[in-house]
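S.K.: Have a peek at input_34.cif (mmCIF, C-alpha atoms).
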data_target
loop_
_atom_site.label_atom_id
_atom_site.label_comp_id
_atom_site.auth_asym_id
_atom_site.auth_seq_id
_atom_site.Cartn_x
_atom_site.Cartn_y
_atom_site.Cartn_z
CA LYS A 1 22.66 34.75 -28.29
CA LEU A 2 23.24 31.77 -25.92
CA ASN A 3 25.38 28.85 -26.88
CA PRO A 4 23.29 25.81 -27.82
CA GLU A 5 24.84 23.79 -24.99
CA VAL A 6 23.92 26.43 -22.45
CA SER A 7 20.45 26.66 -23.89
CA LYS A 8 20.11 22.90 -23.60
CA ARG A 9 21.25 23.01 -19.98
CA VAL A 10 18.82 25.79 -19.13
CA LYS A 11 15.99 23.95 -20.85
CA LEU A 12 16.75 20.67 -19.06
CA SER A 13 17.13 22.46 -15.71
CA LEU A 14 13.77 24.15 -16.09
CA GLU A 15 12.08 20.86 -17.03
CA LEU A 16 13.69 19.13 -14.05
CA GLU A 17 12.56 21.88 -11.72
CA ALA A 18 9.03 21.62 -13.06
CA LEU A 19 9.05 17.84 -12.50
CA LYS A 20 10.26 18.34 -8.93
CA THR A 21 7.40 20.76 -8.35
CA GLU A 22 4.94 18.17 -9.72
CA VAL A 23 6.49 15.50 -7.49
CA LYS A 24 6.07 17.78 -4.47
CA ASN A 25 2.44 18.44 -5.41
CA ILE A 26 1.72 14.72 -5.79
CA GLU A 27 3.36 13.96 -2.44
CA ASP A 28 1.32 16.73 -0.81
CA ARG A 29 -1.88 15.29 -2.24
CA LEU A 30 -0.96 11.81 -1.01
CA ASN A 31 -0.24 13.15 2.45
CA LYS A 32 -3.59 14.89 2.54
CA LEU A 33 -5.56 11.79 1.58
CA VAL A 34 -7.59 10.41 4.53
CA SER A 35 -6.46 7.03 5.85
CA GLU A 36 -8.58 3.90 5.54
CA LYS A 37 -8.49 3.65 9.32
CA ASN A 38 -10.12 7.05 9.63
CA LEU A 39 -12.76 6.07 7.09
CA GLU A 40 -13.44 2.89 9.02
CA GLN A 41 -13.78 4.83 12.28
CA GLU A 42 -16.18 7.30 10.66
CA LYS A 43 -18.23 4.43 9.24
CA ASP A 44 -18.37 2.75 12.68
CA ARG A 45 -19.53 6.02 14.24
CA LYS A 46 -22.37 6.40 11.75
CA VAL A 47 -23.32 2.73 12.09
CA ASP A 48 -23.42 3.08 15.90
CA GLU A 49 -25.66 6.13 15.55
CA ILE A 50 -28.12 4.19 13.38
CA LEU A 51 -28.05 1.15 15.70
CA LEU A 52 -28.73 3.43 18.68
CA LYS A 53 -31.62 4.97 16.76
CA GLN A 54 -33.03 1.47 16.12
CA ARG A 55 -32.78 0.60 19.83
CA ASN A 56 -34.58 3.82 20.70
CA ILE A 57 -37.29 3.01 18.15
CA ARG A 58 -37.86 -0.44 19.66
CA ARG A 59 -37.80 1.01 23.19
CA ALA A 60 -40.42 3.61 22.21
CA GLU A 61 -42.48 0.84 20.59
CA ALA A 62 -42.30 -1.30 23.76
CA ASN A 63 -43.30 1.69 25.92
CA GLU A 64 -46.31 2.40 23.71
CA ILE A 65 -47.39 -1.26 23.83
CA VAL A 66 -47.23 -1.15 27.64
CA LYS A 67 -49.20 2.11 27.63
CA ILE A 68 -51.90 0.61 25.38
CA ASP A 69 -52.08 -2.54 27.52
CA VAL A 70 -52.37 -0.55 30.76
CA GLU A 71 -55.06 1.68 29.28
CA LEU A 72 -57.00 -1.37 28.04
CA LYS A 73 -56.70 -3.12 31.42
CA ASN A 74 -58.00 -0.01 33.21
CA ILE A 75 -60.96 0.29 30.83
CA LEU A 76 -61.79 -3.44 31.08
CA SER A 77 -61.42 -3.27 34.87
CA ASN A 78 -63.90 -0.40 34.95
CA ILE A 79 -66.32 -2.35 32.75
CA SER A 80 -65.84 -5.41 34.96
CA SER A 81 -66.66 -3.36 38.06
CA LYS A 82 -69.84 -2.10 36.43
CA ARG A 83 -70.67 -5.66 35.38
CA GLN A 84 -70.22 -6.83 38.98
CA GLU A 85 -72.48 -4.00 40.15
CA LEU A 86 -75.01 -5.16 37.57
CA VAL A 87 -74.81 -8.74 38.84
CA LEU A 88 -75.20 -7.50 42.43
CA SER A 89 -78.18 -5.38 41.48
CA GLU A 90 -79.74 -8.31 39.62
CA ASN A 91 -79.18 -10.60 42.60
CA ASN A 92 -80.69 -7.99 44.91
CA ASP A 93 -83.73 -7.80 42.66
CA LYS A 94 -84.04 -11.58 42.80
CA ALA A 95 -83.64 -11.58 46.58
CA THR A 96 -86.23 -8.79 46.92
CA ALA A 97 -88.61 -10.64 44.62
CA LEU A 98 -88.14 -13.86 46.61
CA LYS A 99 -88.80 -12.01 49.88
CA ARG A 100 -91.95 -10.53 48.36
CA ILE A 101 -93.16 -13.94 47.22
CA GLN A 102 -92.36 -15.43 50.64
CA ALA A 103 -94.12 -12.53 52.35
CA GLU A 104 -97.18 -13.01 50.13
CA PHE A 105 -97.13 -16.76 50.80
CA LEU A 106 -96.84 -16.16 54.54
CA SER A 107 -99.56 -13.50 54.45
CA ARG A 108 -101.94 -15.90 52.71
CA ARG A 109 -101.23 -18.60 55.24
CA LEU A 110 -101.58 -16.25 58.20
CA ALA A 111 -104.75 -14.79 56.68
CA GLY A 112 -106.23 -18.28 56.92
CA HIS A 113 -105.99 -18.20 60.73
CA SER A 114 -108.70 -16.07 62.28
CA ILE A 115 -108.35 -14.65 65.78
CA MET A 116 -111.86 -15.90 66.54
CA ASN A 117 -111.92 -18.94 68.81
CA GLN A 118 -108.09 -19.15 68.97
CA PRO A 119 -106.51 -20.22 72.26
CA ILE A 120 -104.66 -16.92 72.76
CA PRO A 121 -103.89 -16.23 76.43
CA GLY A 122 -105.89 -13.24 77.72
CA ILE A 123 -107.87 -12.76 74.53
CA GLY A 124 -111.50 -13.53 75.09
CA ASN A 125 -114.59 -13.15 72.95
CA GLU A 126 -115.11 -9.46 73.80
CA LEU A 127 -111.53 -8.52 72.91
CA THR A 128 -111.77 -10.62 69.79
CA GLN A 129 -114.78 -8.57 68.70
CA ARG A 130 -112.97 -5.32 69.49
CA LEU A 131 -109.98 -6.46 67.45
CA SER A 132 -112.25 -7.42 64.58
CA ALA A 133 -113.98 -4.04 64.72
CA SER A 134 -110.54 -2.41 64.45
CA GLY A 135 -109.78 -4.46 61.34
CA ILE A 136 -107.55 -7.01 63.09
CA LYS A 137 -109.21 -10.31 62.22
CA THR A 138 -106.42 -12.75 61.30
CA ALA A 139 -102.76 -13.39 62.11
CA ALA A 140 -101.90 -11.60 58.84
CA ASP A 141 -103.20 -8.33 60.39
CA ILE A 142 -100.47 -8.40 63.04
CA SER A 143 -96.92 -7.55 61.99
CA GLY A 144 -95.60 -6.28 65.33
CA ILE A 145 -96.36 -4.29 68.45
CA LYS A 146 -95.18 -1.02 69.90
CA ILE A 147 -95.33 -0.07 73.56
CA SER A 148 -95.27 3.61 74.45
CA GLN A 149 -95.76 5.51 77.69
CA GLN A 150 -98.52 8.06 78.10
CA GLY A 151 -99.37 10.47 80.89
CA TYR A 152 -97.24 12.33 83.43
CA GLY A 153 -95.75 11.55 86.79
CA TYR A 154 -97.56 8.81 88.72
CA ARG A 155 -100.21 8.66 86.02
CA VAL A 156 -97.78 7.33 83.41
CA ARG A 157 -99.01 4.11 81.83
CA ASP A 158 -97.87 1.79 79.04
CA VAL A 159 -100.06 1.78 75.97
CA ALA A 160 -99.83 -1.03 73.42
CA TYR A 161 -100.18 -0.51 69.69
CA ILE A 162 -100.60 -3.27 67.17
CA GLU A 163 -98.78 -2.71 63.87
CA VAL A 164 -101.17 -3.55 61.05
CA PRO A 165 -99.68 -4.00 57.53
CA GLY A 166 -100.68 -1.08 55.34
CA ARG A 167 -102.38 0.84 58.16
CA GLY A 168 -99.73 1.62 60.72
CA LYS A 169 -100.22 1.46 64.50
CA VAL A 170 -103.65 0.66 65.91
CA HIS A 171 -104.66 0.79 69.60
CA VAL A 172 -107.52 -1.45 70.72
CA GLU A 173 -109.11 -0.67 74.03
CA GLY A 174 -108.48 -3.47 76.51
CA ILE A 175 -105.32 -4.67 74.72
CA GLY A 176 -102.40 -3.79 76.96
CA PRO A 177 -98.72 -4.72 76.64
CA VAL A 178 -99.21 -8.26 77.96
CA LYS A 179 -102.15 -9.12 75.73
CA ALA A 180 -100.48 -7.45 72.75
CA LYS A 181 -97.42 -9.63 73.29
CA SER A 182 -99.70 -12.68 73.47
CA LEU A 183 -101.12 -11.76 70.08
CA LEU A 184 -97.62 -11.30 68.66
CA VAL A 185 -96.40 -14.64 70.12
CA TRP A 186 -99.42 -16.38 68.56
CA ARG A 187 -98.68 -14.80 65.23
CA GLN A 188 -94.95 -15.68 65.50
CA GLN A 189 -95.75 -19.31 66.38
CA LEU A 190 -97.90 -19.61 63.28
CA GLU A 191 -95.17 -17.98 61.19
CA GLY A 192 -92.61 -20.43 62.56
CA ALA A 193 -94.85 -23.31 61.58
CA PHE A 194 -94.91 -22.04 58.00
CA THR A 195 -91.18 -21.33 57.73
CA ASN A 196 -90.26 -24.69 56.23
CA SER A 197 -93.02 -24.30 53.66
CA LEU A 198 -91.80 -20.93 52.34
CA PRO A 199 -90.82 -20.86 48.62
CA ARG A 200 -87.01 -21.22 48.28
CA SER A 201 -86.66 -20.05 44.70
CA LEU A 202 -88.30 -17.74 42.23
CA PRO A 203 -90.58 -19.02 39.50
CA GLU A 204 -88.86 -19.29 36.12
CA SER A 205 -91.04 -16.49 34.76
CA GLU A 206 -89.84 -14.11 37.50
CA ILE A 207 -86.20 -15.04 36.92
CA ASN A 208 -86.56 -14.46 33.16
CA ALA A 209 -88.27 -11.12 33.76
CA ILE A 210 -85.43 -9.92 35.99
CA LYS A 211 -82.81 -11.18 33.53
CA ALA A 212 -84.58 -9.35 30.69
CA LYS A 213 -84.44 -6.15 32.75
CA TYR A 214 -80.62 -6.30 32.80
CA LEU A 215 -80.05 -7.92 29.40
CA ALA A 216 -79.56 -4.63 27.50
CA GLN A 217 -76.95 -3.39 29.98
CA ARG A 218 -75.14 -6.74 29.92
CA ARG A 219 -75.02 -6.67 26.12
CA SER A 220 -73.80 -3.08 26.26
CA PHE A 221 -70.90 -4.15 28.50
CA ASP A 222 -70.11 -7.04 26.15
CA ALA A 223 -70.07 -4.64 23.18
CA GLN A 224 -67.88 -2.15 25.05
CA THR A 225 -65.43 -4.91 25.97
CA ALA A 226 -65.22 -6.16 22.37
CA ASN A 227 -64.87 -2.62 20.98
CA GLU A 228 -62.11 -1.68 23.41
CA GLN A 229 -60.21 -4.89 22.71
CA GLN A 230 -60.54 -4.34 18.95
CA ARG A 231 -59.47 -0.70 19.31
CA ALA A 232 -56.40 -1.76 21.31
CA VAL A 233 -55.45 -4.31 18.64
CA GLN A 234 -55.89 -1.76 15.84
CA THR A 235 -53.92 0.88 17.74
CA THR A 236 -51.14 -1.62 18.46
CA ASN A 237 -50.96 -2.76 14.83
CA SER A 238 -50.92 0.82 13.54
CA MET A 239 -48.22 1.75 16.01
CA LYS A 240 -46.14 -1.31 15.12
CA ASN A 241 -46.43 -0.51 11.41
CA LYS A 242 -45.19 3.00 12.09
CA TYR A 243 -42.16 1.77 14.02
CA ASP A 244 -41.50 -1.04 11.53
CA ASN A 245 -41.37 1.57 8.75
CA GLU A 246 -38.91 3.59 10.81
CA ILE A 247 -36.77 0.48 11.30
CA LYS A 248 -36.90 -0.27 7.56
CA LEU A 249 -35.79 3.30 6.84
CA SER A 250 -32.91 2.98 9.31
CA GLU A 251 -31.93 -0.37 7.75
CA LYS A 252 -31.73 1.36 4.37
CA GLN A 253 -29.66 4.13 5.94
CA LEU A 254 -27.38 1.49 7.42
CA ALA A 255 -26.95 -0.22 4.05
CA ASP A 256 -26.35 3.16 2.35
CA VAL A 257 -23.66 4.03 4.89
CA LYS A 258 -21.85 0.74 4.29
CA ILE A 259 -22.11 1.16 0.51
CA MET A 260 -20.93 4.77 0.70
CA PHE A 261 -17.92 3.96 2.83
CA ALA A 262 -17.06 0.92 0.69
CA LYS A 263 -17.07 3.24 -2.33
CA GLN A 264 -14.96 5.80 -0.47
CA VAL A 265 -12.40 3.13 0.42
CA LYS A 266 -12.38 1.90 -3.17
CA ASP A 267 -11.98 5.45 -4.50
CA LEU A 268 -9.25 6.15 -1.96
CA ARG A 269 -7.30 3.08 -2.95
CA GLY A 270 -7.75 3.90 -6.62
CA MET A 271 -6.58 7.46 -5.99
CA ARG A 272 -3.52 6.25 -4.10
CA VAL A 273 -2.66 3.80 -6.87
CA SER A 274 -3.09 6.53 -9.49
CA GLU A 275 -1.10 9.12 -7.57
CA ASN A 276 1.66 6.65 -6.73
CA ARG A 277 1.82 5.56 -10.36
CA ASN A 278 2.00 9.21 -11.39
CA LEU A 279 4.67 9.85 -8.75
CA SER A 280 6.75 6.92 -9.95
CA ASN A 281 6.45 8.19 -13.50
CA LYS A 282 7.59 11.66 -12.45
CA HIS A 283 10.53 10.18 -10.53
CA TYR A 284 11.46 8.19 -13.61
CA GLN A 285 11.24 11.27 -15.83
CA SER A 286 13.31 13.23 -13.30
CA GLY A 287 15.97 10.53 -13.40
CA LEU A 288 16.11 10.70 -17.17
CA LEU A 289 16.44 14.49 -17.11
CA GLU A 290 19.14 14.31 -14.46
CA ASN A 291 21.09 11.90 -16.63
CA GLN A 292 20.61 14.15 -19.66
CA LEU A 293 21.69 17.14 -17.62
CA LYS A 294 24.91 15.63 -16.26
CA PRO A 295 27.08 16.38 -19.39
CA TYR A 296 25.99 20.00 -19.33
CA LEU A 297 26.74 20.58 -15.66
CA LYS A 298 30.47 21.13 -16.51
CA ILE A 299 29.59 24.23 -18.54
CA LYS A 300 29.78 27.35 -16.47
CA PHE A 301 27.57 30.16 -17.60
CA SER A 302 29.96 32.87 -16.36
CA ALA A 303 32.84 31.42 -18.37
CA TYR A 304 30.61 31.39 -21.44
CA ILE A 305 29.81 35.08 -20.96
CA LYS A 306 33.48 35.95 -20.67
CA ARG A 307 34.31 34.07 -23.77
CA ALA A 308 31.48 35.68 -25.66
CA ILE A 309 32.74 39.15 -24.71
CA LEU A 310 36.36 38.43 -25.70
CA PHE A 311 35.31 37.22 -29.07
#
Could the structure of this file be written out as structure tokens, please?
M.R.:
Amino acid sequence: KLNPEVSKRVKLSLELEALKTEVKNIEDRLNKLVSEKNLEQEKDRKVDEILLKQRNIRRAEANEIVKIDVELKNILSNISSKRQELVLSENNDKATALKRIQAEFLSRRLAGHSIMNQPIPGIGNELTQRLSASGIKTAADISGIKISQQGYGYRVRDVAYIEVPGRGKVHVEGIGPVKAKSLLVWRQQLEGAFTNSLPRSLPESEINAIKAKYLAQRRSFDAQTANEQQRAVQTTNSMKNKYDNEIKLSEKQLADVKIMFAKQVKDLRGMRVSENRNLSNKHYQSGLLENQLKPYLKIKFSAYIKRAILF
């Protein structure tokens, strides 16, 4: 059986060794703890990732807005082109209607001038009767003349045709190129005299009738324009809501990251304080044990064995 003093020494030595092991373990844990600097760097990295994500979200939003605007402009430009074509067509209808009214006015005036007893060079009573028999009685029956050649070789001759509205070309025996031109000049002189009297604008009823013809198409273009503009606004608002929600989510992620890292720093500091406190306590206990062990260090275990054998 061991001497009580030796037993005490062994017991104290074992306790001291155990404390040293605990001290080593605490120091190892402290060394393995991440530094606040590393935590801060990791937090900055995650924050930068979220901020980059937000920039990409806003960039995508801006690109979509541009895309919507370009699409709307193209559609409105197409509608505008069709509207211009409509205006051109309407104006053409008005111009055609005015020409018709002017032609009718001129025809009525010319119809009031009979070829009979008119001082037309080369046109006597006999030719006047022939013209009348062919249905050419007034200046309104002459719209133009055509001269064509007939025959072959030395027998070729010029034949005059009078262009009669609604009937085509009419040849009257005795009316050659010269006399036909006289008839045309007479008709043109009368027409010139009536030029200043021609109607310069359409009656209000005609204008309203033409406008009514295009009113449905014009309203259709107005409706298309309004619908496309409304659709673009709705699409833009929907798209903005989507990206705003993504931004809100990223803002929450950003706040969560900051909270998480603040907690990690707090926990790290608390852990260091706890471990350092524990380490100090172990050092203190080790000091006490070392002091308790000092009186027993003079006892040599081998000498005790020898003495135990001799006695």
S.K.: Name all residues at most 10 Å from A:Leu297 (count all atoms listed in the file; drop same-chain ones fewer than 4 positions away) and give them as a ChimeraX atom specification.
M.R.: /A:6,9,13,290,292-293,301
S.K.: Find the spatial neighbours of stretch 144-149 of chain A, counting all atoms listed in the file, within a cut-off of 12 Å - ignore same-chain residues fewer than 2 positions away - and output them as a VMD selection string.
M.R.: chain A and resid 139 to 142 151 to 165 168 to 172 175 to 188
S.K.: Quick one: pull the distance between atom CA of A:Arg108 and atom CA of A:Lys137, Å, one decimal.
M.R.: 13.2 Å
S.K.: Hey, can you check how far atom CA of A:Val233 sits from atom CA of A:Ala216?
M.R.: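 Rounded to one decimal, the two atoms are 25.7 Å apart.
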S.K.: Write out as a PyMOL selection string each polymer residue whose atoms come within 9 Å of stretch 257-265 of chain A, counting all atoms listed in the file; drop sequence neighbours fewer than 3 positions from it.
M.R.: chain A and resi 35-36+39-40+42-43+46-47+252-254+268-270
S.K.: Using only C-alpha atoms, which residues sit within 12 Å of A:Asn117 once same-chain residues fewer than 4 positions away are excluded, as a list in words?
M.R.: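 Close residues of A:Asn117: His113, Pro121, Ile123, Gly124, Asn125, Glu126, Leu127, Thr128, Gln129, Lys137 and Thr138 of chain A.
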S.K.: Using all atoms listed in the file, pick whichever of A:Leu110, A:Ser197, A:Ile101, A:Ile26 has the shortest atom-to-atom distance to A:Asn281.
M.R.: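 Checking each of A:Leu110, A:Ser197, A:Ile101, A:Ile26 against A:Asn281, counting all atoms listed in the file, the winner is A:Ile26.
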S.K.: Atom CA of A:Asn74 and atom CA of A:Lys211 are how many Å apart?
M.R.: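 Going from atom CA of A:Asn74 over to atom CA of A:Lys211, I get 27.2 Å.
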S.K.: From the set A:Ser77, A:Ser143, A:Leu106, A:Val87, which residue has the shortest atom-to-atom contact distance to A:Leu215, counting only C-alpha atoms?
M.R.: A:Val87
S.K.: Compare A:Glu71, A:Glu173, A:Glu90, A:Glu27 by their minimum atom-to-atom distance to A:Asn208, counting only C-alpha atoms, and give me the closest one.
M.R.: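 So, comparing all the options, the nearest one is A:Glu90.
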S.K.: Of the candidates A:Leu33, A:Ala60, A:Ile247, A:Leu98, which shows the shortest atom-to-atom distance to A:Glu206, using all atoms listed in the file?
M.R.: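 The answer is A:Leu98, which sits nearest to A:Glu206.
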S.K.: Just want the 9 Å neighbourhood of stretch 21-23 of chain A, counted on all atoms listed in the file, with same-chain residues fewer than 5 positions away dropped. Output as a ChimeraX atom specification.
M.R.: /A:16,28,278-280,282-283
S.K.: Which residue, A:Asn63, A:Asn3, A:Gln41, A:Asn291, has the smallest gap to A:Met239 when you use all atoms listed in the file?
M.R.: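 Residue with the minimum atom-to-atom distance to A:Met239: A:Asn63.
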S.K.: Between A:Glu191, A:Glu251, A:Glu17, A:Glu64, which is the closest to A:Ala232 once you count all atoms listed in the file?
M.R.: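 Of all the options, A:Glu64 lies closest to A:Ala232.
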S.K.: Convert the output of the PyMOL selection byres ((chain A and resi 75) around 12) on the shown file into explicit residues, formatted as a list in words.
M.R.: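 Selected by the PyMOL selection byres ((chain A and resi 75) around 12) here: Ile68, Asp69, Val70, Glu71, Leu72, Lys73, Asn74, Leu76, Ser77, Asn78, Ile79, Ser80, Ser81, Lys82, Phe221, Gln224, Thr225, Ala226, Asn227, Glu228, Gln229, Arg231 and Ala232 of chain A.
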